[in-house]
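A.B. asks: To be precise about what I am sending: the file is called model.txt and holds compact mmCIF, C-alpha atoms.
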```txt
# COMPACT_ATOMS: atom_id res chain seq x y z
CA ALA S 1 76.05 70.41 26.21
CA ALA S 2 76.09 73.84 24.59
CA MET S 3 73.49 75.20 27.01
CA LEU S 4 75.37 73.75 29.97
CA GLN S 5 78.65 75.24 28.76
CA GLU S 6 77.01 78.63 28.17
CA THR S 7 75.38 78.67 31.59
CA CYS S 8 78.15 77.18 33.73
CA ALA S 9 81.38 78.37 32.07
CA PRO S 10 81.14 81.88 33.56
CA LEU S 11 80.59 80.36 37.03
CA ALA S 12 83.59 78.08 36.61
CA LYS S 13 85.75 80.93 35.34
CA ALA S 14 84.77 83.12 38.30
CA ALA S 15 85.77 80.26 40.61
CA GLY S 16 89.10 79.83 38.83
CA CYS S 17 88.14 76.44 37.39
CA ASP S 18 88.15 74.95 33.93
CA LEU S 19 84.92 73.48 32.61
CA THR S 20 84.58 71.11 29.70
CA CYS S 21 81.26 69.62 28.65
CA VAL S 22 81.43 66.39 26.68
CA THR S 23 78.78 64.06 25.39
CA PHE S 24 79.27 60.34 25.03
CA GLY S 25 77.43 57.20 24.06
CA ASP S 26 79.33 54.64 26.08
CA LEU S 27 79.96 54.02 29.77
CA VAL S 28 80.53 57.10 31.92
CA ILE S 29 83.76 55.57 33.23
CA SER S 30 85.02 55.12 29.67
CA ALA S 31 84.27 58.77 28.95
CA ALA S 32 85.90 59.82 32.23
CA ARG S 33 89.05 57.88 31.41
CA ARG S 34 89.21 59.36 27.88
CA GLU S 35 88.90 62.86 29.30
CA GLY S 36 91.33 62.22 32.17
CA ALA S 37 88.60 62.81 34.77
CA THR S 38 88.84 61.17 38.17
CA LEU S 39 85.71 62.67 39.71
CA LEU S 40 82.03 62.35 38.84
CA ILE S 41 79.64 64.86 40.42
CA ARG S 42 76.05 63.66 40.66
CA GLY S 43 73.07 65.66 41.89
CA LEU S 44 70.49 64.17 44.23
CA ARG S 45 66.92 65.38 44.69
CA ASP S 46 65.64 62.78 47.12
CA GLY S 47 66.14 59.34 48.63
CA THR S 48 65.02 57.62 45.44
CA ASP S 49 67.83 59.38 43.55
CA LEU S 50 70.27 58.38 46.30
CA ASP S 51 69.34 54.70 46.10
CA TYR S 52 69.68 54.67 42.32
CA GLU S 53 72.90 56.71 42.24
CA MET S 54 74.52 54.58 44.97
CA GLN S 55 74.00 51.49 42.81
CA ILE S 56 75.56 53.22 39.80
CA ALA S 57 78.46 54.57 41.88
CA GLY S 58 79.14 51.09 43.25
CA MET S 59 79.25 49.56 39.79
CA ASN S 60 81.45 52.38 38.49
CA GLU S 61 83.84 51.99 41.44
CA THR S 62 84.16 48.27 40.76
CA MET S 63 84.94 48.86 37.09
CA ALA S 64 87.09 51.98 37.60
CA PRO S 65 88.38 52.39 41.18
CA GLU S 66 90.32 55.51 40.16
CA VAL S 67 87.09 57.35 39.26
CA HIS S 68 85.30 58.64 42.35
CA THR S 69 81.70 59.82 42.71
CA VAL S 70 80.62 62.81 44.79
CA PHE S 71 76.95 63.46 45.52
CA LEU S 72 75.53 66.98 45.85
CA PRO S 73 72.06 67.40 47.29
CA ALA S 74 69.74 69.78 45.47
CA SER S 75 68.49 72.82 47.32
CA VAL S 76 64.87 72.76 48.44
CA ALA S 77 63.88 75.29 45.77
CA VAL S 78 64.96 73.09 42.85
CA ARG S 79 64.23 69.58 44.12
CA PRO S 80 60.95 69.15 42.21
CA ILE S 81 62.48 70.26 38.89
CA THR S 82 63.31 67.50 36.42
CA ALA S 83 64.58 67.77 32.86
CA THR S 84 61.68 65.59 31.73
CA LEU S 85 59.07 67.91 33.23
CA VAL S 86 60.80 71.01 31.85
CA ARG S 87 60.90 69.48 28.35
CA GLN S 88 57.23 68.49 28.58
CA ILE S 89 56.18 71.98 29.65
CA ALA S 90 58.27 73.58 26.88
CA ALA S 91 56.97 71.13 24.26
CA MET S 92 53.40 72.10 25.15
CA GLY S 93 54.19 75.82 24.82
CA GLY S 94 54.43 76.49 28.55
CA ASP S 95 56.71 79.03 30.21
CA VAL S 96 59.77 77.32 31.73
CA SER S 97 61.55 80.52 32.77
CA ALA S 98 60.98 79.79 36.48
CA PHE S 99 62.90 76.52 36.14
CA VAL S 100 65.89 77.24 33.87
CA PRO S 101 68.31 80.09 33.07
CA PRO S 102 67.06 82.65 30.50
CA SER S 103 69.30 81.35 27.70
CA VAL S 104 68.01 77.79 28.21
CA ALA S 105 64.38 78.98 28.23
CA ALA S 106 65.02 80.81 24.93
CA SER S 107 66.65 77.73 23.40
CA LEU S 108 63.76 75.50 24.43
CA LYS S 109 61.22 78.00 23.09
CA THR S 110 63.03 78.03 19.75
CA LYS S 111 63.34 74.24 19.67
CA PHE S 112 59.67 73.62 20.29
CA ALA S 113 58.34 76.53 18.18
CA SER S 114 58.29 74.39 15.04
```
Represent the structure contained in this file as structure tokens.
C.D. replies:
Amino acid sequence: AAMLQETCAPLAKAAGCDLTCVTFGDLVISAARREGATLLIRGLRDGTDLDYEMQIAGMNETMAPEVHTVFLPASVAVRPITATLVRQIAAMGGDVSAFVPPSVAASLKTKFAS
């Protein structure tokens, strides 16, 4: 959450938007309701993501019709990047700077240095 806030807050501010990053351990709709959110933005890399995310969005809509889901397709350049692969590369001492912002690469290097 801290890395996301650090990376995205300046973009949100430049766009005149507020950004709040929260973590939660319950249903996303419960967290959305607590935070007063009515919109979930989900990224899609491919058709497999779409199939999976459509199922989740349908369940969420049934449980919380006031919370809507918007899908954003990933650009071609970032479609193959997954958090799992980035973590695996970083954990094995690899350079992830081509896949994440500089501050995130530094944080991952520090995390996996020990």
A.B. asks: If you take only C-alpha atoms and a cut-off of 12 Å, which residues of stretch 35-79 of chain S touch stretch 87-103 of chain S, and what are their nearest atom pairs and distances in Å to one decimal, in chain and number order, as a Markdown table?
C.D. replies:
```
| residue | atom | partner | partner_atom | distance |
| --- | --- | --- | --- | --- |
| S:Ala77 | CA | S:Phe99 | CA | 9.8 |
| S:Val78 | CA | S:Phe99 | CA | 7.8 |
| S:Arg79 | CA | S:Phe99 | CA | 10.7 |
```
A.B. asks: Which of these, S:Thr82, S:Ser30, S:Thr20, S:Ser114, has the shortest distance to S:Asn60 once you count all atoms listed in the file?
C.D. replies: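 Of S:Thr82, S:Ser30, S:Thr20, S:Ser114, the one nearest S:Asn60 is S:Ser30, counting all atoms listed in the file.
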A.B. asks: For each of S:Ala31, S:Val70, S:Ala15, S:Met63, take the minimum atom-to-atom distance to S:Leu50, counting only C-alpha atoms, then give the residue where this is smallest.
C.D. replies: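 Once distances to S:Leu50 are computed over only C-alpha atoms, the minimum belongs to S:Val70.
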A.B. asks: Compare S:Pro73, S:Pro65, S:Gly16, S:Gly25 by their minimum atom-to-atom distance to S:Leu44, counting only C-alpha atoms, and give me the closest one.
C.D. replies: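 That would be S:Pro73, the residue with the smallest distance to S:Leu44.
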A.B. asks: For stretch 2-10 of chain S, please output as a PyMOL selection string all residues within 7 Å (counting only C-alpha atoms; exclusion window: fewer than 2 positions along the same chain).
C.D. replies: chain S and resi 12-14+19+21+104
A.B. asks: Rank S:Ala106, S:Val67, S:Leu11, S:Met54 by their smallest atom-to-atom distance to S:Val28, using only C-alpha atoms, and report the top residue only.
C.D. replies: S:Val67
A.B. asks: Quick one, how far is atom CA of S:Glu53 from atom CA of S:Leu27?
C.D. replies: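 Value for the atom CA of S:Glu53-atom CA of S:Leu27 distance: 14.6 Å.
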A.B. asks: Could you write out as lines of an AutoDock Vina configuration file the box around stretch 1-17 of chain S (axis-aligned, all atoms listed in the file, 6 Å on each side), with centre and edge lengths in Å to one decimal?
C.D. replies:
```
center_x = 81.3
center_y = 76.8
center_z = 32.6
size_x = 27.6
size_y = 24.7
size_z = 28.0
```
A.B. asks: May I ask for the distance between atom CA of S:Gly43 and atom CA of S:Phe24, given in Å to one decimal place?
C.D. replies: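 For atom CA of S:Gly43 relative to atom CA of S:Phe24, the distance reads 18.7 Å.
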A.B. asks: What is the atom CA of S:Asp18-atom CA of S:Arg45 distance in Å, reported with one decimal?
C.D. replies: 25.7 Å
A.B. asks: Would you list the residues near (81.7, 61.6, 36.5) (no more than 9 Å away, in the coordinates of the file, using all atoms listed in the file) as a list in words?
C.D. replies: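 Protein, DNA and RNA residues close to (81.7, 61.6, 36.5): Val28, Ile29, Ala31, Ala32, Ala37, Thr38, Leu39, Leu40, Ile41, Arg42, Val67, His68, Thr69 and Val70 of chain S.
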